[in-house]
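A.B. asks: Okay, so here is query.pdb, and as you'll see once you scroll down, it has PDB, C-alpha atoms, pLDDT in the B column.
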ATOM      1  CA  GLY X   1      46.266 -71.897  25.065  1.00 87.00           C
ATOM      2  CA  ASN X   2      42.499 -71.666  24.975  1.00 91.00           C
ATOM      3  CA  SER X   3      40.609 -71.230  21.715  1.00 94.00           C
ATOM      4  CA  VAL X   4      37.302 -72.045  20.059  1.00 96.00           C
ATOM      5  CA  THR X   5      36.732 -72.770  16.382  1.00 96.00           C
ATOM      6  CA  GLN X   6      33.267 -72.487  14.899  1.00 94.00           C
ATOM      7  CA  MET X   7      32.019 -73.420  11.477  1.00 85.00           C
ATOM      8  CA  GLU X   8      31.958 -70.531   9.052  1.00 81.00           C
ATOM      9  CA  GLY X   9      28.640 -68.918   8.305  1.00 84.00           C
ATOM     10  CA  PRO X  10      26.275 -67.670   7.275  1.00 94.00           C
ATOM     11  CA  VAL X  11      23.846 -70.562   7.521  1.00 96.00           C
ATOM     12  CA  THR X  12      20.515 -70.223   5.730  1.00 97.00           C
ATOM     13  CA  LEU X  13      17.716 -72.719   6.349  1.00 97.00           C
ATOM     14  CA  SER X  14      14.029 -73.125   5.701  1.00 97.00           C
ATOM     15  CA  GLU X  15      11.659 -73.315   8.638  1.00 97.00           C
ATOM     16  CA  GLU X  16      11.493 -76.800  10.226  1.00 96.00           C
ATOM     17  CA  ALA X  17      14.903 -77.802   8.808  1.00 97.00           C
ATOM     18  CA  PHE X  18      17.534 -79.510  10.957  1.00 97.00           C
ATOM     19  CA  LEU X  19      20.350 -77.343  12.279  1.00 97.00           C
ATOM     20  CA  THR X  20      23.930 -78.240  13.142  1.00 97.00           C
ATOM     21  CA  ILE X  21      26.600 -75.683  13.979  1.00 97.00           C
ATOM     22  CA  ASN X  22      29.992 -77.239  14.582  1.00 97.00           C
ATOM     23  CA  CYS X  23      32.265 -76.139  17.400  1.00 97.00           C
ATOM     24  CA  THR X  24      35.624 -77.517  18.484  1.00 97.00           C
ATOM     25  CA  TYR X  25      37.881 -76.247  21.222  1.00 96.00           C
ATOM     26  CA  THR X  26      41.448 -76.287  22.498  1.00 96.00           C
ATOM     27  CA  ALA X  27      41.978 -75.922  26.218  1.00 93.00           C
ATOM     28  CA  THR X  28      44.068 -76.946  29.158  1.00 84.00           C
ATOM     29  CA  GLY X  29      42.079 -79.149  31.474  1.00 83.00           C
ATOM     30  CA  TYR X  30      38.341 -79.623  31.122  1.00 85.00           C
ATOM     31  CA  PRO X  31      36.605 -76.279  30.784  1.00 92.00           C
ATOM     32  CA  SER X  32      32.891 -75.567  30.933  1.00 92.00           C
ATOM     33  CA  LEU X  33      31.411 -75.070  27.470  1.00 95.00           C
ATOM     34  CA  PHE X  34      28.640 -72.728  26.377  1.00 95.00           C
ATOM     35  CA  TRP X  35      26.492 -71.621  23.495  1.00 97.00           C
ATOM     36  CA  TYR X  36      25.418 -67.994  23.498  1.00 96.00           C
ATOM     37  CA  VAL X  37      22.914 -66.345  21.146  1.00 96.00           C
ATOM     38  CA  GLN X  38      22.879 -62.725  20.036  1.00 93.00           C
ATOM     39  CA  TYR X  39      19.744 -61.259  18.489  1.00 91.00           C
ATOM     40  CA  PRO X  40      20.034 -58.079  16.397  1.00 85.00           C
ATOM     41  CA  GLY X  41      20.773 -55.031  18.536  1.00 80.00           C
ATOM     42  CA  GLU X  42      21.033 -57.035  21.732  1.00 83.00           C
ATOM     43  CA  GLY X  43      23.711 -58.409  24.003  1.00 85.00           C
ATOM     44  CA  LEU X  44      24.597 -62.045  24.491  1.00 91.00           C
ATOM     45  CA  GLN X  45      22.177 -64.493  26.054  1.00 92.00           C
ATOM     46  CA  LEU X  46      23.214 -67.852  27.430  1.00 93.00           C
ATOM     47  CA  LEU X  47      21.488 -70.564  25.392  1.00 96.00           C
ATOM     48  CA  LEU X  48      22.884 -73.697  27.035  1.00 95.00           C
ATOM     49  CA  LYS X  49      25.915 -75.034  28.852  1.00 94.00           C
ATOM     50  CA  ALA X  50      27.744 -78.199  29.842  1.00 94.00           C
ATOM     51  CA  THR X  51      30.256 -78.399  32.648  1.00 91.00           C
ATOM     52  CA  LYS X  52      31.831 -81.836  32.181  1.00 91.00           C
ATOM     53  CA  ALA X  53      32.441 -84.540  29.614  1.00 92.00           C
ATOM     54  CA  ASP X  54      29.348 -86.306  28.240  1.00 94.00           C
ATOM     55  CA  ASP X  55      27.038 -83.664  29.702  1.00 94.00           C
ATOM     56  CA  LYS X  56      24.248 -82.592  27.382  1.00 96.00           C
ATOM     57  CA  GLY X  57      23.061 -79.019  27.573  1.00 95.00           C
ATOM     58  CA  SER X  58      19.597 -78.225  26.269  1.00 96.00           C
ATOM     59  CA  ASN X  59      17.238 -75.267  26.026  1.00 96.00           C
ATOM     60  CA  LYS X  60      14.411 -74.152  23.710  1.00 95.00           C
ATOM     61  CA  GLY X  61      14.848 -77.247  21.553  1.00 97.00           C
ATOM     62  CA  PHE X  62      18.598 -76.725  21.116  1.00 98.00           C
ATOM     63  CA  GLU X  63      21.053 -79.360  22.320  1.00 98.00           C
ATOM     64  CA  ALA X  64      24.814 -79.788  22.537  1.00 98.00           C
ATOM     65  CA  THR X  65      26.893 -82.607  24.025  1.00 97.00           C
ATOM     66  CA  TYR X  66      30.334 -82.123  25.575  1.00 96.00           C
ATOM     67  CA  ARG X  67      32.598 -84.590  23.721  1.00 96.00           C
ATOM     68  CA  LYS X  68      36.003 -84.803  25.363  1.00 93.00           C
ATOM     69  CA  GLU X  69      37.377 -87.370  22.896  1.00 93.00           C
ATOM     70  CA  THR X  70      36.728 -85.101  19.916  1.00 95.00           C
ATOM     71  CA  THR X  71      36.991 -81.784  21.841  1.00 95.00           C
ATOM     72  CA  SER X  72      33.671 -80.748  20.349  1.00 96.00           C
ATOM     73  CA  PHE X  73      30.406 -79.134  21.426  1.00 97.00           C
ATOM     74  CA  HIS X  74      28.208 -79.046  18.329  1.00 98.00           C
ATOM     75  CA  LEU X  75      24.869 -77.234  18.500  1.00 98.00           C
ATOM     76  CA  GLU X  76      21.797 -78.989  17.081  1.00 98.00           C
ATOM     77  CA  LYS X  77      18.095 -78.333  16.718  1.00 98.00           C
ATOM     78  CA  GLY X  78      15.643 -80.657  15.062  1.00 96.00           C
ATOM     79  CA  SER X  79      13.271 -78.066  13.624  1.00 96.00           C
ATOM     80  CA  VAL X  80      14.298 -74.409  13.381  1.00 97.00           C
ATOM     81  CA  GLN X  81      11.892 -71.489  13.416  1.00 97.00           C
ATOM     82  CA  VAL X  82      12.105 -68.019  11.905  1.00 96.00           C
ATOM     83  CA  SER X  83      12.520 -66.667  15.432  1.00 95.00           C
ATOM     84  CA  ASP X  84      15.801 -68.631  15.770  1.00 96.00           C
ATOM     85  CA  SER X  85      17.479 -66.254  13.307  1.00 96.00           C
ATOM     86  CA  ALA X  86      20.436 -64.803  15.218  1.00 96.00           C
ATOM     87  CA  VAL X  87      24.194 -65.121  15.664  1.00 95.00           C
ATOM     88  CA  TYR X  88      25.344 -68.111  17.697  1.00 97.00           C
ATOM     89  CA  PHE X  89      28.619 -68.176  19.634  1.00 97.00           C
ATOM     90  CA  CYS X  90      30.385 -71.167  21.076  1.00 97.00           C
ATOM     91  CA  ALA X  91      32.535 -70.399  24.123  1.00 96.00           C
ATOM     92  CA  LEU X  92      34.653 -71.997  26.818  1.00 94.00           C
ATOM     93  CA  ALA X  93      35.373 -70.777  30.319  1.00 92.00           C
ATOM     94  CA  SER X  94      38.795 -70.695  31.911  1.00 88.00           C
ATOM     95  CA  LEU X  95      40.018 -68.774  34.972  1.00 84.00           C
ATOM     96  CA  GLY X  96      36.933 -66.605  35.182  1.00 83.00           C
ATOM     97  CA  ARG X  97      36.855 -65.513  31.557  1.00 90.00           C
ATOM     98  CA  LEU X  98      35.133 -66.668  28.400  1.00 93.00           C
ATOM     99  CA  TYR X  99      36.834 -67.482  25.109  1.00 95.00           C
ATOM    100  CA  PHE X 100      34.472 -67.138  22.157  1.00 96.00           C
ATOM    101  CA  GLY X 101      34.400 -68.447  18.633  1.00 96.00           C
ATOM    102  CA  ARG X 102      33.817 -66.073  15.727  1.00 95.00           C
ATOM    103  CA  GLY X 103      30.080 -66.648  15.683  1.00 95.00           C
ATOM    104  CA  THR X 104      27.752 -68.204  13.114  1.00 96.00           C
ATOM    105  CA  GLN X 105      24.970 -66.167  11.540  1.00 96.00           C
ATOM    106  CA  LEU X 106      21.774 -68.219  11.183  1.00 96.00           C
ATOM    107  CA  THR X 107      18.922 -67.033   8.978  1.00 96.00           C
ATOM    108  CA  VAL X 108      15.701 -69.047   8.841  1.00 97.00           C
ATOM    109  CA  TRP X 109      13.216 -68.392   6.036  1.00 96.00           C
ATOM    110  CA  PRO X 110       9.482 -69.137   6.325  1.00 94.00           C
TER     111      PRO X 110
ATOM    112  CA  ASP P 111      15.055 -56.807  38.724  1.00 59.00           C
ATOM    113  CA  ALA P 112      16.866 -54.760  36.107  1.00 76.00           C
ATOM    114  CA  GLY P 113      19.477 -56.534  34.059  1.00 91.00           C
ATOM    115  CA  VAL P 114      22.958 -55.280  33.315  1.00 95.00           C
ATOM    116  CA  THR P 115      22.678 -51.705  32.061  1.00 96.00           C
ATOM    117  CA  GLN P 116      25.254 -49.916  29.936  1.00 97.00           C
ATOM    118  CA  SER P 117      25.536 -46.317  28.858  1.00 96.00           C
ATOM    119  CA  PRO P 118      25.656 -44.776  26.424  1.00 96.00           C
ATOM    120  CA  THR P 119      24.198 -47.144  23.844  1.00 95.00           C
ATOM    121  CA  HIS P 120      25.988 -45.478  20.955  1.00 96.00           C
ATOM    122  CA  LEU P 121      29.005 -43.193  20.807  1.00 96.00           C
ATOM    123  CA  ILE P 122      30.958 -41.527  18.029  1.00 97.00           C
ATOM    124  CA  LYS P 123      34.492 -40.281  18.653  1.00 97.00           C
ATOM    125  CA  THR P 124      37.444 -39.204  16.553  1.00 97.00           C
ATOM    126  CA  ARG P 125      40.939 -40.621  16.569  1.00 97.00           C
ATOM    127  CA  GLY P 126      43.035 -39.531  19.524  1.00 97.00           C
ATOM    128  CA  GLN P 127      40.084 -38.771  21.776  1.00 97.00           C
ATOM    129  CA  GLN P 128      39.302 -40.475  25.059  1.00 98.00           C
ATOM    130  CA  VAL P 129      36.095 -42.316  25.937  1.00 98.00           C
ATOM    131  CA  THR P 130      34.422 -43.590  29.117  1.00 98.00           C
ATOM    132  CA  LEU P 131      31.847 -46.348  29.057  1.00 98.00           C
ATOM    133  CA  ARG P 132      29.660 -47.180  32.035  1.00 98.00           C
ATOM    134  CA  CYS P 133      28.111 -50.340  33.386  1.00 98.00           C
ATOM    135  CA  SER P 134      25.708 -51.102  36.230  1.00 97.00           C
ATOM    136  CA  PRO P 135      25.592 -54.777  37.218  1.00 95.00           C
ATOM    137  CA  ILE P 136      22.580 -56.740  38.325  1.00 94.00           C
ATOM    138  CA  SER P 137      21.724 -55.983  41.940  1.00 93.00           C
ATOM    139  CA  GLY P 138      23.783 -58.203  44.224  1.00 90.00           C
ATOM    140  CA  HIS P 139      26.414 -59.019  41.609  1.00 91.00           C
ATOM    141  CA  LYS P 140      29.912 -58.105  42.728  1.00 92.00           C
ATOM    142  CA  SER P 141      31.907 -59.128  39.660  1.00 92.00           C
ATOM    143  CA  VAL P 142      31.993 -57.128  36.426  1.00 95.00           C
ATOM    144  CA  SER P 143      33.747 -58.081  33.207  1.00 95.00           C
ATOM    145  CA  TRP P 144      34.310 -56.164  29.984  1.00 97.00           C
ATOM    146  CA  TYR P 145      34.487 -57.625  26.481  1.00 97.00           C
ATOM    147  CA  GLN P 146      35.219 -56.083  23.086  1.00 98.00           C
ATOM    148  CA  GLN P 147      33.303 -57.386  20.071  1.00 95.00           C
ATOM    149  CA  VAL P 148      34.655 -56.231  16.732  1.00 95.00           C
ATOM    150  CA  LEU P 149      32.222 -56.592  13.824  1.00 91.00           C
ATOM    151  CA  GLY P 150      32.205 -60.156  12.554  1.00 88.00           C
ATOM    152  CA  GLN P 151      34.209 -61.522  15.481  1.00 91.00           C
ATOM    153  CA  GLY P 152      33.446 -63.095  18.811  1.00 93.00           C
ATOM    154  CA  PRO P 153      33.790 -61.048  21.996  1.00 95.00           C
ATOM    155  CA  GLN P 154      37.276 -60.757  23.489  1.00 97.00           C
ATOM    156  CA  PHE P 155      37.957 -60.448  27.205  1.00 96.00           C
ATOM    157  CA  ILE P 156      39.350 -57.098  28.359  1.00 97.00           C
ATOM    158  CA  PHE P 157      39.021 -56.909  32.152  1.00 94.00           C
ATOM    159  CA  GLN P 158      37.425 -58.496  35.169  1.00 94.00           C
ATOM    160  CA  TYR P 159      36.826 -56.724  38.475  1.00 94.00           C
ATOM    161  CA  TYR P 160      35.635 -58.088  41.774  1.00 91.00           C
ATOM    162  CA  GLU P 161      35.163 -56.092  44.951  1.00 90.00           C
ATOM    163  CA  LYS P 162      36.860 -53.105  43.277  1.00 90.00           C
ATOM    164  CA  GLU P 163      40.016 -55.056  42.480  1.00 93.00           C
ATOM    165  CA  GLU P 164      41.247 -56.130  39.072  1.00 94.00           C
ATOM    166  CA  ARG P 165      41.131 -59.907  38.884  1.00 92.00           C
ATOM    167  CA  GLY P 166      42.010 -60.436  35.239  1.00 91.00           C
ATOM    168  CA  ARG P 167      43.223 -58.594  32.191  1.00 95.00           C
ATOM    169  CA  GLY P 168      43.140 -59.654  28.562  1.00 95.00           C
ATOM    170  CA  ASN P 169      45.647 -58.897  25.826  1.00 94.00           C
ATOM    171  CA  PHE P 170      44.854 -55.202  25.380  1.00 97.00           C
ATOM    172  CA  PRO P 171      47.222 -52.205  25.405  1.00 97.00           C
ATOM    173  CA  ASP P 172      47.614 -49.880  28.375  1.00 96.00           C
ATOM    174  CA  ARG P 173      45.332 -47.367  26.638  1.00 97.00           C
ATOM    175  CA  PHE P 174      42.521 -49.494  28.072  1.00 98.00           C
ATOM    176  CA  SER P 175      41.788 -49.115  31.778  1.00 97.00           C
ATOM    177  CA  ALA P 176      38.870 -49.753  34.068  1.00 97.00           C
ATOM    178  CA  ARG P 177      37.707 -49.408  37.611  1.00 96.00           C
ATOM    179  CA  GLN P 178      34.927 -50.609  39.842  1.00 97.00           C
ATOM    180  CA  PHE P 179      33.136 -48.456  42.385  1.00 96.00           C
ATOM    181  CA  PRO P 180      31.867 -49.299  45.896  1.00 95.00           C
ATOM    182  CA  ASN P 181      28.372 -49.850  44.477  1.00 94.00           C
ATOM    183  CA  TYR P 182      29.952 -52.398  42.059  1.00 95.00           C
ATOM    184  CA  SER P 183      29.271 -50.322  38.955  1.00 97.00           C
ATOM    185  CA  SER P 184      32.191 -50.028  36.576  1.00 97.00           C
ATOM    186  CA  GLU P 185      33.767 -47.759  34.002  1.00 98.00           C
ATOM    187  CA  LEU P 186      35.919 -48.674  31.030  1.00 98.00           C
ATOM    188  CA  ASN P 187      38.248 -45.960  29.742  1.00 98.00           C
ATOM    189  CA  VAL P 188      40.025 -45.958  26.430  1.00 98.00           C
ATOM    190  CA  ASN P 189      42.624 -43.275  25.696  1.00 97.00           C
ATOM    191  CA  ALA P 190      44.123 -42.145  22.395  1.00 97.00           C
ATOM    192  CA  LEU P 191      41.416 -43.838  20.357  1.00 97.00           C
ATOM    193  CA  LEU P 192      42.360 -45.658  17.174  1.00 97.00           C
ATOM    194  CA  LEU P 193      40.125 -46.600  14.264  1.00 97.00           C
ATOM    195  CA  GLY P 194      40.537 -50.231  15.316  1.00 96.00           C
ATOM    196  CA  ASP P 195      38.870 -49.521  18.656  1.00 98.00           C
ATOM    197  CA  SER P 196      35.532 -49.294  16.852  1.00 98.00           C
ATOM    198  CA  ALA P 197      33.509 -52.136  18.333  1.00 97.00           C
ATOM    199  CA  LEU P 198      30.628 -53.175  20.539  1.00 95.00           C
ATOM    200  CA  TYR P 199      31.760 -53.086  24.161  1.00 97.00           C
ATOM    201  CA  LEU P 200      29.921 -55.534  26.365  1.00 96.00           C
ATOM    202  CA  CYS P 201      29.713 -55.541  30.117  1.00 96.00           C
ATOM    203  CA  ALA P 202      28.800 -58.678  32.038  1.00 95.00           C
ATOM    204  CA  SER P 203      28.123 -59.301  35.706  1.00 93.00           C
ATOM    205  CA  SER P 204      28.035 -62.296  38.008  1.00 89.00           C
ATOM    206  CA  LEU P 205      27.812 -62.950  41.721  1.00 84.00           C
ATOM    207  CA  ARG P 206      31.487 -63.875  41.991  1.00 73.00           C
ATOM    208  CA  THR P 207      34.401 -64.231  39.622  1.00 66.00           C
ATOM    209  CA  GLU P 208      34.205 -68.004  39.494  1.00 66.00           C
ATOM    210  CA  VAL P 209      30.462 -68.150  38.839  1.00 65.00           C
ATOM    211  CA  ILE P 210      30.913 -67.796  35.109  1.00 70.00           C
ATOM    212  CA  GLU P 211      28.103 -70.242  34.450  1.00 69.00           C
ATOM    213  CA  LYS P 212      25.746 -67.443  35.491  1.00 78.00           C
ATOM    214  CA  LEU P 213      27.219 -64.517  33.625  1.00 86.00           C
ATOM    215  CA  PHE P 214      24.723 -61.907  32.416  1.00 91.00           C
ATOM    216  CA  PHE P 215      25.536 -59.527  29.576  1.00 93.00           C
ATOM    217  CA  GLY P 216      24.316 -56.029  28.905  1.00 94.00           C
ATOM    218  CA  SER P 217      23.247 -54.855  25.451  1.00 93.00           C
ATOM    219  CA  GLY P 218      26.539 -53.081  24.941  1.00 94.00           C
ATOM    220  CA  THR P 219      27.875 -49.710  23.880  1.00 96.00           C
ATOM    221  CA  GLN P 220      28.535 -49.336  20.162  1.00 96.00           C
ATOM    222  CA  LEU P 221      31.653 -47.195  19.758  1.00 98.00           C
ATOM    223  CA  SER P 222      32.527 -45.746  16.374  1.00 97.00           C
ATOM    224  CA  VAL P 223      35.903 -44.055  15.937  1.00 97.00           C
ATOM    225  CA  LEU P 224      36.198 -41.793  12.881  1.00 96.00           C
TER     226      LEU P 224
END
Using structure tokens, write down the structure that the file contains.
C.D. replies:
Amino acid sequence: GNSVTQMEGPVTLSEEAFLTINCTYTATGYPSLFWYVQYPGEGLQLLLKATKADDKGSNKGFEATYRKETTSFHLEKGSVQVSDSAVYFCALASLGRLYFGRGTQLTVWP
Amino acid sequence: DAGVTQSPTHLIKTRGQQVTLRCSPISGHKSVSWYQQVLGQGPQFIFQYYEKEERGRGNFPDRFSARQFPNYSSELNVNALLLGDSALYLCASSLRTEVIEKLFFGSGTQLSVL
């Protein structure tokens, strides 16, 4: 079946620190992969995506590379800001629906 | 253009009651999906509708039902509410069912069952 496993949170960092949030997946075939972000009191916003192996998705300084050999899609950012504090969800798409991980709470302190 | 709008934003019900949640998709979007997000978990797929027809259903009991109207808006109904139905219910829209790379989410309806 389809599933996504995310690293457990919460993650607490100082401003300008390096961020990695691990994500691995199980799927039939080669699904599209996504990172969504959820700010307090809001719905989900697409952060970045990758549709095939070795693709790199990027947006707002965040990056993730679709690794077929390790079935991973880890999220990285070189220098986090206080405004990046949110919950981050890794997801895969299959047959018109999304399968999400549990989410990782990120808090960035000034 | 307005994004995906959901109403109400918050709702409190008691066990055994019924609830209806509403969703208006982005103009021009014909596909609507519903997701349930329990506190501390990722969203789980409930339903997908396209052109008023059900195109997918997640692993939820028959107490959950939905429909889509000619204007592409949608309603999610939950009967005989249980405490475990307390969650954030998210609606998402896209142009077509397969265009999941451009799926837009609403802010959700927070349902509390007491």
A.B. asks: Any idea which chain P residues end up within 10 Å of chain X if we count only C-alpha atoms, as a ChimeraX atom specification please?
C.D. replies: /P:114,143-145,147-158,165-168,198-202,206-220
A.B. asks: Take the selection from the previous step and output its residues with C-alpha atoms, as a short mmCIF file (atom, residue, chain, number, x, y, z; two decimals), keeping the file's coordinate frame.
C.D. replies:
data_model
loop_
_atom_site.label_atom_id
_atom_site.label_comp_id
_atom_site.auth_asym_id
_atom_site.auth_seq_id
_atom_site.Cartn_x
_atom_site.Cartn_y
_atom_site.Cartn_z
CA VAL P 114 22.96 -55.28 33.32
CA SER P 143 33.75 -58.08 33.21
CA TRP P 144 34.31 -56.16 29.98
CA TYR P 145 34.49 -57.62 26.48
CA GLN P 147 33.30 -57.39 20.07
CA VAL P 148 34.66 -56.23 16.73
CA LEU P 149 32.22 -56.59 13.82
CA GLY P 150 32.20 -60.16 12.55
CA GLN P 151 34.21 -61.52 15.48
CA GLY P 152 33.45 -63.10 18.81
CA PRO P 153 33.79 -61.05 22.00
CA GLN P 154 37.28 -60.76 23.49
CA PHE P 155 37.96 -60.45 27.20
CA ILE P 156 39.35 -57.10 28.36
CA PHE P 157 39.02 -56.91 32.15
CA GLN P 158 37.42 -58.50 35.17
CA ARG P 165 41.13 -59.91 38.88
CA GLY P 166 42.01 -60.44 35.24
CA ARG P 167 43.22 -58.59 32.19
CA GLY P 168 43.14 -59.65 28.56
CA LEU P 198 30.63 -53.18 20.54
CA TYR P 199 31.76 -53.09 24.16
CA LEU P 200 29.92 -55.53 26.36
CA CYS P 201 29.71 -55.54 30.12
CA ALA P 202 28.80 -58.68 32.04
CA ARG P 206 31.49 -63.88 41.99
CA THR P 207 34.40 -64.23 39.62
CA GLU P 208 34.20 -68.00 39.49
CA VAL P 209 30.46 -68.15 38.84
CA ILE P 210 30.91 -67.80 35.11
CA GLU P 211 28.10 -70.24 34.45
CA LYS P 212 25.75 -67.44 35.49
CA LEU P 213 27.22 -64.52 33.62
CA PHE P 214 24.72 -61.91 32.42
CA PHE P 215 25.54 -59.53 29.58
CA GLY P 216 24.32 -56.03 28.90
CA SER P 217 23.25 -54.86 25.45
CA GLY P 218 26.54 -53.08 24.94
CA THR P 219 27.88 -49.71 23.88
CA GLN P 220 28.54 -49.34 20.16
#
A.B. asks: Counting only C-alpha atoms, figure out which residue out of X:Tyr66, X:Asn22, X:Thr28, X:Ala86 gets nearest to Glu8 of chain X.
C.D. replies: X:Asn22
A.B. asks: Evaluate the PyMOL selection byres ((chain X and resi 72-77) around 9) on the structure here and hand back the selected residues as a VMD selection string.
C.D. replies: chain X and resid 6 17 to 25 33 to 35 50 60 to 71 78 to 80 90
A.B. asks: So what does the PyMOL selection byres ((chain P and resi 142) around 8) actually pick up in this one, as an NGL selection string?
C.D. replies: :P and (135 or 139-141 or 143-144 or 158-160 or 178 or 182-184 or 201-204)
A.B. asks: Please write as a PyMOL selection string the full residue list that the PyMOL selection byres ((chain X and resi 108) around 7) yields on this file.
C.D. replies: chain X and resi 12-15+81-82+84-85+106-107+109-110
